[in-house]
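Structure data follow from target.cif (mmCIF, N, CA and C atoms):
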```
data_model
#
loop_
_atom_site.label_atom_id
_atom_site.label_comp_id
_atom_site.auth_asym_id
_atom_site.auth_seq_id
_atom_site.Cartn_x
_atom_site.Cartn_y
_atom_site.Cartn_z
N MET U 110 7.01 -21.96 -9.22
CA MET U 110 7.13 -20.71 -8.50
C MET U 110 6.75 -20.95 -7.04
N LEU U 111 7.56 -20.45 -6.15
CA LEU U 111 7.30 -20.59 -4.72
C LEU U 111 6.18 -19.65 -4.29
N SER U 112 5.31 -20.13 -3.44
CA SER U 112 4.27 -19.25 -2.95
C SER U 112 4.78 -18.49 -1.74
N ARG U 113 4.40 -17.24 -1.64
CA ARG U 113 4.83 -16.40 -0.54
C ARG U 113 3.70 -16.26 0.46
N PRO U 114 4.03 -16.19 1.73
CA PRO U 114 2.97 -16.00 2.71
C PRO U 114 2.36 -14.62 2.53
N ARG U 115 1.08 -14.54 2.72
CA ARG U 115 0.35 -13.29 2.54
C ARG U 115 0.02 -12.69 3.90
N VAL U 116 1.03 -12.20 4.57
CA VAL U 116 0.87 -11.63 5.90
C VAL U 116 0.35 -10.20 5.81
N PHE U 117 0.76 -9.47 4.78
CA PHE U 117 0.44 -8.06 4.68
C PHE U 117 -1.07 -7.78 4.74
N PRO U 118 -1.94 -8.52 4.03
CA PRO U 118 -3.37 -8.22 4.13
C PRO U 118 -3.90 -8.36 5.56
N PHE U 119 -3.43 -9.33 6.30
CA PHE U 119 -3.89 -9.51 7.68
C PHE U 119 -3.43 -8.35 8.54
N VAL U 120 -2.16 -7.96 8.39
CA VAL U 120 -1.64 -6.84 9.17
C VAL U 120 -2.41 -5.57 8.81
N LEU U 121 -2.67 -5.36 7.53
CA LEU U 121 -3.42 -4.18 7.10
C LEU U 121 -4.81 -4.19 7.70
N PHE U 122 -5.47 -5.33 7.72
CA PHE U 122 -6.81 -5.43 8.31
C PHE U 122 -6.78 -5.04 9.78
N VAL U 123 -5.79 -5.54 10.50
CA VAL U 123 -5.69 -5.23 11.94
C VAL U 123 -5.42 -3.75 12.15
N VAL U 124 -4.51 -3.17 11.35
CA VAL U 124 -4.22 -1.75 11.50
C VAL U 124 -5.45 -0.91 11.18
N MET U 125 -6.20 -1.30 10.15
CA MET U 125 -7.43 -0.57 9.83
C MET U 125 -8.43 -0.69 10.96
N SER U 126 -8.51 -1.84 11.59
CA SER U 126 -9.42 -2.02 12.72
C SER U 126 -9.04 -1.12 13.87
N VAL U 127 -7.75 -1.01 14.12
CA VAL U 127 -7.28 -0.13 15.20
C VAL U 127 -7.66 1.31 14.89
N ALA U 128 -7.43 1.74 13.66
CA ALA U 128 -7.73 3.12 13.29
C ALA U 128 -9.23 3.36 13.29
N GLY U 129 -10.00 2.36 12.90
CA GLY U 129 -11.45 2.53 12.81
C GLY U 129 -12.14 2.58 14.16
N THR U 130 -11.53 2.04 15.19
CA THR U 130 -12.15 2.04 16.51
C THR U 130 -11.50 3.07 17.42
N ALA U 131 -10.95 4.12 16.81
CA ALA U 131 -10.20 5.11 17.57
C ALA U 131 -11.10 5.96 18.44
N PHE U 132 -10.58 6.28 19.62
CA PHE U 132 -11.21 7.23 20.51
C PHE U 132 -10.42 8.54 20.40
N ALA U 133 -11.08 9.66 20.72
CA ALA U 133 -10.40 10.95 20.67
C ALA U 133 -9.21 10.92 21.62
N ALA U 134 -8.15 11.60 21.22
CA ALA U 134 -6.93 11.72 22.01
C ALA U 134 -6.24 10.37 22.24
N ASN U 135 -6.41 9.43 21.36
CA ASN U 135 -5.70 8.16 21.43
C ASN U 135 -4.52 8.26 20.47
N PRO U 136 -3.30 8.42 20.99
CA PRO U 136 -2.16 8.63 20.09
C PRO U 136 -1.91 7.45 19.15
N ILE U 137 -2.17 6.23 19.61
CA ILE U 137 -1.94 5.07 18.74
C ILE U 137 -2.93 5.07 17.58
N ALA U 138 -4.17 5.42 17.85
CA ALA U 138 -5.16 5.49 16.78
C ALA U 138 -4.79 6.58 15.78
N GLU U 139 -4.28 7.70 16.27
CA GLU U 139 -3.84 8.77 15.38
C GLU U 139 -2.66 8.33 14.53
N LEU U 140 -1.72 7.62 15.14
CA LEU U 140 -0.58 7.11 14.40
C LEU U 140 -1.01 6.07 13.36
N SER U 141 -1.99 5.24 13.71
CA SER U 141 -2.52 4.24 12.77
C SER U 141 -3.18 4.92 11.58
N ALA U 142 -3.95 5.96 11.86
CA ALA U 142 -4.62 6.70 10.77
C ALA U 142 -3.59 7.36 9.86
N ALA U 143 -2.52 7.91 10.44
CA ALA U 143 -1.47 8.53 9.64
C ALA U 143 -0.75 7.48 8.78
N TYR U 144 -0.53 6.29 9.35
CA TYR U 144 0.11 5.22 8.59
C TYR U 144 -0.75 4.82 7.40
N LEU U 145 -2.04 4.62 7.64
CA LEU U 145 -2.94 4.22 6.56
C LEU U 145 -3.03 5.29 5.49
N GLU U 146 -3.07 6.54 5.89
CA GLU U 146 -3.12 7.63 4.91
C GLU U 146 -1.90 7.56 3.99
N GLY U 147 -0.71 7.39 4.56
CA GLY U 147 0.49 7.29 3.75
C GLY U 147 0.52 6.03 2.89
N LEU U 148 0.06 4.92 3.46
CA LEU U 148 0.02 3.66 2.72
C LEU U 148 -0.89 3.76 1.51
N PHE U 149 -2.08 4.33 1.71
CA PHE U 149 -3.04 4.45 0.61
C PHE U 149 -2.58 5.46 -0.43
N ARG U 150 -1.89 6.51 0.00
CA ARG U 150 -1.34 7.48 -0.93
C ARG U 150 -0.25 6.82 -1.78
N ALA U 151 0.58 5.97 -1.14
CA ALA U 151 1.66 5.29 -1.87
C ALA U 151 1.15 4.17 -2.76
N LYS U 152 0.05 3.54 -2.36
CA LYS U 152 -0.49 2.39 -3.09
C LYS U 152 -1.98 2.58 -3.33
N PRO U 153 -2.33 3.48 -4.26
CA PRO U 153 -3.74 3.81 -4.46
C PRO U 153 -4.61 2.62 -4.87
N HIS U 154 -4.03 1.64 -5.57
CA HIS U 154 -4.81 0.46 -5.95
C HIS U 154 -5.18 -0.35 -4.71
N LEU U 155 -4.32 -0.35 -3.69
CA LEU U 155 -4.63 -1.01 -2.44
C LEU U 155 -5.74 -0.27 -1.70
N ALA U 156 -5.71 1.06 -1.78
CA ALA U 156 -6.78 1.86 -1.17
C ALA U 156 -8.12 1.49 -1.79
N THR U 157 -8.18 1.43 -3.11
CA THR U 157 -9.43 1.06 -3.77
C THR U 157 -9.87 -0.33 -3.36
N PHE U 158 -8.92 -1.25 -3.33
CA PHE U 158 -9.23 -2.63 -2.94
C PHE U 158 -9.82 -2.69 -1.54
N MET U 159 -9.32 -1.83 -0.64
CA MET U 159 -9.78 -1.82 0.75
C MET U 159 -11.02 -0.94 0.96
N GLY U 160 -11.53 -0.32 -0.11
CA GLY U 160 -12.76 0.46 0.00
C GLY U 160 -12.56 1.94 0.20
N GLU U 161 -11.33 2.42 0.12
CA GLU U 161 -11.04 3.86 0.24
C GLU U 161 -10.92 4.42 -1.17
N HIS U 162 -11.85 5.31 -1.56
CA HIS U 162 -11.93 5.73 -2.96
C HIS U 162 -11.41 7.13 -3.22
N ARG U 163 -10.71 7.74 -2.27
CA ARG U 163 -10.14 9.07 -2.51
C ARG U 163 -8.99 9.03 -3.51
N TYR U 164 -8.40 7.87 -3.71
CA TYR U 164 -7.23 7.76 -4.58
C TYR U 164 -7.54 6.99 -5.86
N ASP U 165 -8.79 6.89 -6.22
CA ASP U 165 -9.17 6.09 -7.38
C ASP U 165 -8.54 6.58 -8.68
N GLY U 166 -8.26 7.86 -8.80
CA GLY U 166 -7.69 8.39 -10.04
C GLY U 166 -6.18 8.34 -10.08
N ALA U 167 -5.54 7.79 -9.07
CA ALA U 167 -4.08 7.80 -8.99
C ALA U 167 -3.48 6.44 -9.32
N LEU U 168 -2.24 6.48 -9.73
CA LEU U 168 -1.46 5.27 -9.99
C LEU U 168 -0.30 5.23 -8.99
N PRO U 169 0.19 4.05 -8.66
CA PRO U 169 1.33 4.00 -7.73
C PRO U 169 2.58 4.60 -8.36
N ASP U 170 3.32 5.32 -7.56
CA ASP U 170 4.58 5.91 -8.01
C ASP U 170 5.72 5.08 -7.45
N VAL U 171 6.38 4.32 -8.32
CA VAL U 171 7.49 3.48 -7.89
C VAL U 171 8.84 4.06 -8.34
N SER U 172 8.85 5.36 -8.56
CA SER U 172 10.11 6.01 -8.91
C SER U 172 11.03 6.00 -7.70
N PRO U 173 12.32 6.05 -7.92
CA PRO U 173 13.25 6.05 -6.78
C PRO U 173 12.97 7.18 -5.78
N ASP U 174 12.63 8.36 -6.25
CA ASP U 174 12.34 9.48 -5.35
C ASP U 174 11.12 9.19 -4.49
N ALA U 175 10.07 8.64 -5.09
CA ALA U 175 8.85 8.34 -4.34
C ALA U 175 9.10 7.25 -3.30
N LEU U 176 9.89 6.26 -3.66
CA LEU U 176 10.20 5.19 -2.71
C LEU U 176 11.05 5.71 -1.55
N LYS U 177 11.97 6.62 -1.83
CA LYS U 177 12.78 7.22 -0.76
C LYS U 177 11.90 8.08 0.16
N ARG U 178 10.96 8.83 -0.42
CA ARG U 178 10.05 9.63 0.41
C ARG U 178 9.20 8.74 1.30
N ARG U 179 8.71 7.62 0.75
CA ARG U 179 7.90 6.70 1.55
C ARG U 179 8.74 6.09 2.67
N GLU U 180 9.96 5.70 2.36
CA GLU U 180 10.83 5.13 3.39
C GLU U 180 11.08 6.15 4.50
N ALA U 181 11.35 7.40 4.13
CA ALA U 181 11.58 8.45 5.13
C ALA U 181 10.33 8.67 5.98
N GLU U 182 9.16 8.64 5.34
CA GLU U 182 7.90 8.79 6.07
C GLU U 182 7.72 7.64 7.07
N LEU U 183 8.04 6.43 6.65
CA LEU U 183 7.91 5.27 7.53
C LEU U 183 8.89 5.34 8.70
N VAL U 184 10.08 5.83 8.46
CA VAL U 184 11.07 5.95 9.54
C VAL U 184 10.55 6.92 10.60
N VAL U 185 9.98 8.04 10.19
CA VAL U 185 9.41 8.99 11.15
C VAL U 185 8.25 8.36 11.90
N GLN U 186 7.39 7.65 11.17
CA GLN U 186 6.24 7.00 11.83
C GLN U 186 6.71 5.95 12.83
N LEU U 187 7.74 5.20 12.49
CA LEU U 187 8.27 4.19 13.41
C LEU U 187 8.83 4.86 14.67
N ARG U 188 9.51 5.96 14.49
CA ARG U 188 10.04 6.71 15.64
C ARG U 188 8.89 7.18 16.54
N ASN U 189 7.80 7.65 15.93
CA ASN U 189 6.64 8.11 16.70
C ASN U 189 5.97 6.96 17.46
N VAL U 190 5.87 5.80 16.83
CA VAL U 190 5.28 4.64 17.50
C VAL U 190 6.18 4.20 18.66
N ASP U 191 7.48 4.18 18.43
CA ASP U 191 8.40 3.81 19.50
C ASP U 191 8.29 4.78 20.68
N ALA U 192 8.14 6.07 20.38
CA ALA U 192 7.98 7.07 21.45
C ALA U 192 6.67 6.84 22.20
N ALA U 193 5.61 6.46 21.49
CA ALA U 193 4.33 6.19 22.15
C ALA U 193 4.41 4.94 23.02
N LEU U 194 5.23 3.98 22.61
CA LEU U 194 5.37 2.75 23.39
C LEU U 194 6.10 2.98 24.72
N VAL U 195 6.92 4.02 24.79
CA VAL U 195 7.65 4.32 26.02
C VAL U 195 6.70 4.81 27.11
N GLN U 196 5.64 5.49 26.71
CA GLN U 196 4.68 6.03 27.67
C GLN U 196 3.76 4.92 28.15
N PRO U 197 3.43 4.90 29.45
CA PRO U 197 2.51 3.88 29.94
C PRO U 197 1.12 4.06 29.33
N GLN U 198 0.51 2.95 28.96
CA GLN U 198 -0.82 2.98 28.36
C GLN U 198 -1.53 1.66 28.65
N GLU U 199 -2.78 1.62 28.26
CA GLU U 199 -3.55 0.40 28.47
C GLU U 199 -2.98 -0.73 27.62
N LEU U 200 -3.27 -1.95 28.02
CA LEU U 200 -2.76 -3.12 27.31
C LEU U 200 -3.23 -3.13 25.85
N ASP U 201 -4.50 -2.79 25.61
CA ASP U 201 -5.01 -2.77 24.23
C ASP U 201 -4.22 -1.80 23.36
N ALA U 202 -3.96 -0.62 23.89
CA ALA U 202 -3.21 0.38 23.12
C ALA U 202 -1.78 -0.09 22.88
N ASP U 203 -1.20 -0.76 23.85
CA ASP U 203 0.15 -1.29 23.69
C ASP U 203 0.19 -2.36 22.61
N VAL U 204 -0.78 -3.22 22.60
CA VAL U 204 -0.86 -4.27 21.57
C VAL U 204 -1.08 -3.63 20.21
N ASP U 205 -1.97 -2.64 20.13
CA ASP U 205 -2.21 -1.95 18.87
C ASP U 205 -0.93 -1.29 18.36
N ALA U 206 -0.16 -0.70 19.26
CA ALA U 206 1.09 -0.06 18.88
C ALA U 206 2.09 -1.09 18.35
N GLN U 207 2.14 -2.25 18.96
CA GLN U 207 3.04 -3.31 18.48
C GLN U 207 2.63 -3.79 17.09
N ILE U 208 1.33 -3.90 16.85
CA ILE U 208 0.85 -4.31 15.52
C ILE U 208 1.21 -3.26 14.49
N LEU U 209 1.00 -1.99 14.83
CA LEU U 209 1.35 -0.90 13.92
C LEU U 209 2.86 -0.89 13.65
N ARG U 210 3.64 -1.10 14.68
CA ARG U 210 5.10 -1.16 14.54
C ARG U 210 5.50 -2.29 13.59
N ASP U 211 4.85 -3.44 13.73
CA ASP U 211 5.15 -4.57 12.83
C ASP U 211 4.76 -4.25 11.39
N ALA U 212 3.64 -3.57 11.19
CA ALA U 212 3.21 -3.20 9.84
C ALA U 212 4.22 -2.26 9.19
N ILE U 213 4.68 -1.28 9.94
CA ILE U 213 5.68 -0.34 9.42
C ILE U 213 6.98 -1.06 9.11
N ASN U 214 7.42 -1.92 10.02
CA ASN U 214 8.65 -2.69 9.79
C ASN U 214 8.53 -3.61 8.58
N LEU U 215 7.36 -4.19 8.37
CA LEU U 215 7.16 -5.05 7.21
C LEU U 215 7.29 -4.26 5.91
N GLU U 216 6.67 -3.09 5.89
CA GLU U 216 6.78 -2.27 4.68
C GLU U 216 8.22 -1.81 4.46
N LEU U 217 8.91 -1.45 5.54
CA LEU U 217 10.32 -1.09 5.42
C LEU U 217 11.16 -2.26 4.92
N LEU U 218 10.84 -3.46 5.36
CA LEU U 218 11.55 -4.65 4.88
C LEU U 218 11.40 -4.78 3.36
N TYR U 219 10.18 -4.59 2.87
CA TYR U 219 9.96 -4.68 1.42
C TYR U 219 10.72 -3.59 0.68
N LEU U 220 10.75 -2.37 1.24
CA LEU U 220 11.43 -1.28 0.56
C LEU U 220 12.95 -1.42 0.61
N ARG U 221 13.49 -1.86 1.73
CA ARG U 221 14.94 -1.89 1.93
C ARG U 221 15.62 -3.18 1.51
N GLU U 222 14.98 -4.30 1.76
CA GLU U 222 15.65 -5.58 1.57
C GLU U 222 15.08 -6.40 0.41
N ILE U 223 13.79 -6.59 0.40
CA ILE U 223 13.18 -7.46 -0.61
C ILE U 223 13.17 -6.79 -1.98
N LYS U 224 12.80 -5.54 -2.04
CA LYS U 224 12.87 -4.70 -3.24
C LYS U 224 12.23 -5.35 -4.46
N ASP U 225 11.04 -5.88 -4.29
CA ASP U 225 10.35 -6.47 -5.43
C ASP U 225 10.12 -5.45 -6.54
N HIS U 226 10.01 -4.18 -6.18
CA HIS U 226 9.80 -3.14 -7.19
C HIS U 226 10.97 -3.04 -8.17
N GLU U 227 12.12 -3.58 -7.81
CA GLU U 227 13.27 -3.58 -8.71
C GLU U 227 13.32 -4.80 -9.62
N ARG U 228 12.64 -5.87 -9.23
CA ARG U 228 12.75 -7.12 -9.98
C ARG U 228 11.49 -7.53 -10.72
N ASP U 229 10.35 -7.15 -10.20
CA ASP U 229 9.11 -7.66 -10.75
C ASP U 229 8.44 -6.62 -11.64
N PRO U 230 8.37 -6.88 -12.93
CA PRO U 230 7.79 -5.89 -13.84
C PRO U 230 6.29 -5.68 -13.62
N ARG U 231 5.67 -6.54 -12.85
CA ARG U 231 4.23 -6.39 -12.59
C ARG U 231 3.96 -5.52 -11.37
N LEU U 232 4.97 -4.85 -10.86
CA LEU U 232 4.84 -4.01 -9.66
C LEU U 232 4.27 -4.82 -8.52
N TYR U 233 4.90 -5.96 -8.25
CA TYR U 233 4.45 -6.81 -7.15
C TYR U 233 4.35 -5.98 -5.89
N ASP U 234 3.19 -6.03 -5.28
CA ASP U 234 2.89 -5.15 -4.16
C ASP U 234 2.51 -5.95 -2.93
N SER U 235 3.02 -7.13 -2.78
CA SER U 235 2.73 -8.00 -1.66
C SER U 235 1.32 -8.55 -1.75
N PHE U 236 0.33 -7.72 -1.92
CA PHE U 236 -1.03 -8.18 -2.09
C PHE U 236 -1.86 -7.04 -2.63
N PRO U 237 -2.69 -7.24 -3.60
CA PRO U 237 -2.71 -8.34 -4.56
C PRO U 237 -1.74 -8.06 -5.70
N TYR U 238 -1.51 -9.08 -6.55
CA TYR U 238 -0.67 -8.90 -7.72
C TYR U 238 -1.36 -7.95 -8.69
N TYR U 239 -0.63 -7.01 -9.20
CA TYR U 239 -1.11 -6.12 -10.26
C TYR U 239 0.01 -5.92 -11.25
N ASP U 240 -0.33 -5.89 -12.51
CA ASP U 240 0.65 -5.41 -13.45
C ASP U 240 0.18 -4.04 -13.91
N PRO U 241 1.03 -3.25 -14.52
CA PRO U 241 0.64 -1.88 -14.89
C PRO U 241 -0.61 -1.83 -15.76
N CYS U 242 -0.76 -2.80 -16.65
CA CYS U 242 -1.96 -2.82 -17.51
C CYS U 242 -3.22 -3.02 -16.67
N GLU U 243 -3.14 -3.89 -15.66
CA GLU U 243 -4.30 -4.11 -14.79
C GLU U 243 -4.66 -2.86 -14.01
N ILE U 244 -3.65 -2.14 -13.55
CA ILE U 244 -3.91 -0.93 -12.78
C ILE U 244 -4.61 0.11 -13.64
N VAL U 245 -4.08 0.37 -14.83
CA VAL U 245 -4.68 1.35 -15.72
C VAL U 245 -6.08 0.89 -16.14
N ALA U 246 -6.22 -0.38 -16.49
CA ALA U 246 -7.53 -0.89 -16.90
C ALA U 246 -8.54 -0.81 -15.75
N GLY U 247 -8.10 -1.12 -14.55
CA GLY U 247 -8.99 -1.03 -13.40
C GLY U 247 -9.45 0.38 -13.14
N ARG U 248 -8.54 1.34 -13.27
CA ARG U 248 -8.90 2.75 -13.06
C ARG U 248 -9.90 3.20 -14.12
N LEU U 249 -9.65 2.82 -15.37
CA LEU U 249 -10.58 3.20 -16.44
C LEU U 249 -11.94 2.54 -16.24
N SER U 250 -11.94 1.29 -15.83
CA SER U 250 -13.20 0.59 -15.58
C SER U 250 -13.99 1.27 -14.47
N ASP U 251 -13.29 1.68 -13.41
CA ASP U 251 -13.99 2.37 -12.31
C ASP U 251 -14.63 3.66 -12.80
N ILE U 252 -13.92 4.40 -13.65
CA ILE U 252 -14.46 5.66 -14.17
C ILE U 252 -15.66 5.39 -15.06
N ILE U 253 -15.54 4.43 -15.93
CA ILE U 253 -16.61 4.13 -16.89
C ILE U 253 -17.83 3.54 -16.19
N HIS U 254 -17.63 2.56 -15.34
CA HIS U 254 -18.74 1.85 -14.74
C HIS U 254 -19.14 2.40 -13.38
N GLY U 255 -18.21 2.99 -12.66
CA GLY U 255 -18.50 3.54 -11.35
C GLY U 255 -19.00 2.50 -10.36
N ASP U 256 -18.66 1.24 -10.61
CA ASP U 256 -19.12 0.16 -9.75
C ASP U 256 -17.95 -0.32 -8.91
N PHE U 257 -18.03 -0.03 -7.62
CA PHE U 257 -16.93 -0.42 -6.73
C PHE U 257 -17.32 -1.68 -6.00
#
```
Full structure transcribed into structure tokens:
Amino acid sequence: MLSRPRVFPFVLFVVMSVAGTAFAANPIAELSAAYLEGLFRAKPHLATFMGEHRYDGALPDVSPDALKRREAELVVQLRNVDAALVQPQELDADVDAQILRDAINLELLYLREIKDHERDPRLYDSFPYYDPCEIVAGRLSDIIHGDF
């Protein structure tokens, strides 16, 4: 089996850093926070893995309707980031916007072209690997043990 590069965790870490160091009225930080909210809602196991526990009771929805909604959400977010990039801003904000843009484009690539959700019965999610049994077992373990 060929190993795949694990770029997504690094991009996610950078986007979370951008959102976590946000100043009031920073449009890029607001866009980053909106992206993470949608990402964690779409991939609740990733939210738990990253320490966000609001979605601990949820399972990922890989139905065609849910994937289309996520793609539409990402398209709007990409449009908003592109609009923010047109406005002059500090170099740091511009770099943060480019990183956010890359994260959105990467997720769109997985949804539109790679489509692992159509081929991999383990719900390959770029990082980490989960199969449906692991997701359900992990959720039950969290409820029973409450140890995050």
> Which value, in Å to one decimal, gives the distance between atom N of Ala212 in chain U and atom C of Gly247 in chain U?
Replying inline: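 These atoms are spaced 27.9 Å apart.
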> How many Å lie between atom N of Ile208 in chain U and CA of Ser172 in chain U, rounded to one decimal?
Replying inline: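 Going from atom N of Ile208 in chain U over to CA of Ser172 in chain U, I get 29.0 Å.
For the structure in this document, the set picked by the PyMOL selection byres (((chain U and resi 173 and name CA) around 12) and name CA) is U:Asp170, U:Val171, U:Ser172, U:Asp174, U:Ala175, U:Leu176, U:Lys177, U:Arg178, U:Arg179, U:Glu180, U:Leu220, U:Arg221, U:Lys224, U:His226, U:Glu227.
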Those residues you just picked out, can you put them in a file as a PDB file, keeping the file's coordinate frame with N, CA and C atoms?
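result-v4.pdb, freshly written:
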```
ATOM      1  N   ASP U 170       3.320   5.320  -7.560  1.00  0.00           N
ATOM      2  CA  ASP U 170       4.580   5.910  -8.010  1.00  0.00           C
ATOM      3  C   ASP U 170       5.720   5.080  -7.450  1.00  0.00           C
ATOM      4  N   VAL U 171       6.380   4.320  -8.320  1.00  0.00           N
ATOM      5  CA  VAL U 171       7.490   3.480  -7.890  1.00  0.00           C
ATOM      6  C   VAL U 171       8.840   4.060  -8.340  1.00  0.00           C
ATOM      7  N   SER U 172       8.850   5.360  -8.560  1.00  0.00           N
ATOM      8  CA  SER U 172      10.110   6.010  -8.910  1.00  0.00           C
ATOM      9  C   SER U 172      11.030   6.000  -7.700  1.00  0.00           C
ATOM     10  N   ASP U 174      12.630   8.360  -6.250  1.00  0.00           N
ATOM     11  CA  ASP U 174      12.340   9.480  -5.350  1.00  0.00           C
ATOM     12  C   ASP U 174      11.120   9.190  -4.490  1.00  0.00           C
ATOM     13  N   ALA U 175      10.070   8.640  -5.090  1.00  0.00           N
ATOM     14  CA  ALA U 175       8.850   8.340  -4.340  1.00  0.00           C
ATOM     15  C   ALA U 175       9.100   7.250  -3.300  1.00  0.00           C
ATOM     16  N   LEU U 176       9.890   6.260  -3.660  1.00  0.00           N
ATOM     17  CA  LEU U 176      10.200   5.190  -2.710  1.00  0.00           C
ATOM     18  C   LEU U 176      11.050   5.710  -1.550  1.00  0.00           C
ATOM     19  N   LYS U 177      11.970   6.620  -1.830  1.00  0.00           N
ATOM     20  CA  LYS U 177      12.780   7.220  -0.760  1.00  0.00           C
ATOM     21  C   LYS U 177      11.900   8.080   0.160  1.00  0.00           C
ATOM     22  N   ARG U 178      10.960   8.830  -0.420  1.00  0.00           N
ATOM     23  CA  ARG U 178      10.050   9.630   0.410  1.00  0.00           C
ATOM     24  C   ARG U 178       9.200   8.740   1.300  1.00  0.00           C
ATOM     25  N   ARG U 179       8.710   7.620   0.750  1.00  0.00           N
ATOM     26  CA  ARG U 179       7.900   6.700   1.550  1.00  0.00           C
ATOM     27  C   ARG U 179       8.740   6.090   2.670  1.00  0.00           C
ATOM     28  N   GLU U 180       9.960   5.700   2.360  1.00  0.00           N
ATOM     29  CA  GLU U 180      10.830   5.130   3.390  1.00  0.00           C
ATOM     30  C   GLU U 180      11.080   6.150   4.500  1.00  0.00           C
ATOM     31  N   LEU U 220      10.750  -2.370   1.240  1.00  0.00           N
ATOM     32  CA  LEU U 220      11.430  -1.280   0.560  1.00  0.00           C
ATOM     33  C   LEU U 220      12.950  -1.420   0.610  1.00  0.00           C
ATOM     34  N   ARG U 221      13.490  -1.860   1.730  1.00  0.00           N
ATOM     35  CA  ARG U 221      14.940  -1.890   1.930  1.00  0.00           C
ATOM     36  C   ARG U 221      15.620  -3.180   1.510  1.00  0.00           C
ATOM     37  N   LYS U 224      12.800  -5.540  -2.040  1.00  0.00           N
ATOM     38  CA  LYS U 224      12.870  -4.700  -3.240  1.00  0.00           C
ATOM     39  C   LYS U 224      12.230  -5.350  -4.460  1.00  0.00           C
ATOM     40  N   HIS U 226      10.010  -4.180  -6.180  1.00  0.00           N
ATOM     41  CA  HIS U 226       9.800  -3.140  -7.190  1.00  0.00           C
ATOM     42  C   HIS U 226      10.970  -3.040  -8.170  1.00  0.00           C
ATOM     43  N   GLU U 227      12.120  -3.580  -7.810  1.00  0.00           N
ATOM     44  CA  GLU U 227      13.270  -3.580  -8.710  1.00  0.00           C
ATOM     45  C   GLU U 227      13.320  -4.800  -9.620  1.00  0.00           C
TER      46      GLU U 227
END
```
> Hey, can you check how far CA of Asn189 in chain U sits from CA of His154 in chain U?
Replying inline: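 Separation between CA of Asn189 in chain U and CA of His154 in chain U: 26.5 Å.
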>> I need the residue nearest Leu140 in chain U from this list: U:Asp225, U:Leu200, U:Ala246, U:Val190. Use all atoms listed in the file for the distance.
In response: U:Val190
Residues picked by the PyMOL selection byres (((chain U and resi 167 and name CA) around 10) and name CA) here, as a short mmCIF file (atom, residue, chain, number, x, y, z; two decimals) with N, CA and C atoms, in the coordinates of the input?
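The file below, out37.cif, is the result:
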```cif
data_model
loop_
_atom_site.label_atom_id
_atom_site.label_comp_id
_atom_site.auth_asym_id
_atom_site.auth_seq_id
_atom_site.Cartn_x
_atom_site.Cartn_y
_atom_site.Cartn_z
N ARG U 150 -1.89 6.51 0.00
CA ARG U 150 -1.34 7.48 -0.93
C ARG U 150 -0.25 6.82 -1.78
N ALA U 151 0.58 5.97 -1.14
CA ALA U 151 1.66 5.29 -1.87
C ALA U 151 1.15 4.17 -2.76
N LYS U 152 0.05 3.54 -2.36
CA LYS U 152 -0.49 2.39 -3.09
C LYS U 152 -1.98 2.58 -3.33
N PRO U 153 -2.33 3.48 -4.26
CA PRO U 153 -3.74 3.81 -4.46
C PRO U 153 -4.61 2.62 -4.87
N HIS U 154 -4.03 1.64 -5.57
CA HIS U 154 -4.81 0.46 -5.95
C HIS U 154 -5.18 -0.35 -4.71
N ARG U 163 -10.71 7.74 -2.27
CA ARG U 163 -10.14 9.07 -2.51
C ARG U 163 -8.99 9.03 -3.51
N TYR U 164 -8.40 7.87 -3.71
CA TYR U 164 -7.23 7.76 -4.58
C TYR U 164 -7.54 6.99 -5.86
N ASP U 165 -8.79 6.89 -6.22
CA ASP U 165 -9.17 6.09 -7.38
C ASP U 165 -8.54 6.58 -8.68
N GLY U 166 -8.26 7.86 -8.80
CA GLY U 166 -7.69 8.39 -10.04
C GLY U 166 -6.18 8.34 -10.08
N LEU U 168 -2.24 6.48 -9.73
CA LEU U 168 -1.46 5.27 -9.99
C LEU U 168 -0.30 5.23 -8.99
N PRO U 169 0.19 4.05 -8.66
CA PRO U 169 1.33 4.00 -7.73
C PRO U 169 2.58 4.60 -8.36
N ASP U 170 3.32 5.32 -7.56
CA ASP U 170 4.58 5.91 -8.01
C ASP U 170 5.72 5.08 -7.45
N ILE U 244 -3.65 -2.14 -13.55
CA ILE U 244 -3.91 -0.93 -12.78
C ILE U 244 -4.61 0.11 -13.64
N VAL U 245 -4.08 0.37 -14.83
CA VAL U 245 -4.68 1.35 -15.72
C VAL U 245 -6.08 0.89 -16.14
N ARG U 248 -8.54 1.34 -13.27
CA ARG U 248 -8.90 2.75 -13.06
C ARG U 248 -9.90 3.20 -14.12
#
```
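Using only C-alpha atoms for every distance, the candidate list U:Leu145, U:Tyr219, U:Ala202, U:Arg228 yields U:Leu145 as the residue closest to Gln186 in chain U.
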Report as JSON the centre and the edge lengths, in Å to one decimal, of the axis-aligned box holding every listed atom of range 138-150 of chain U, padded by 3 Å on each side.
```
{"center_x": -2.3, "center_y": 6.2, "center_z": 8.0, "size_x": 11.7, "size_y": 11.1, "size_z": 25.6}
```
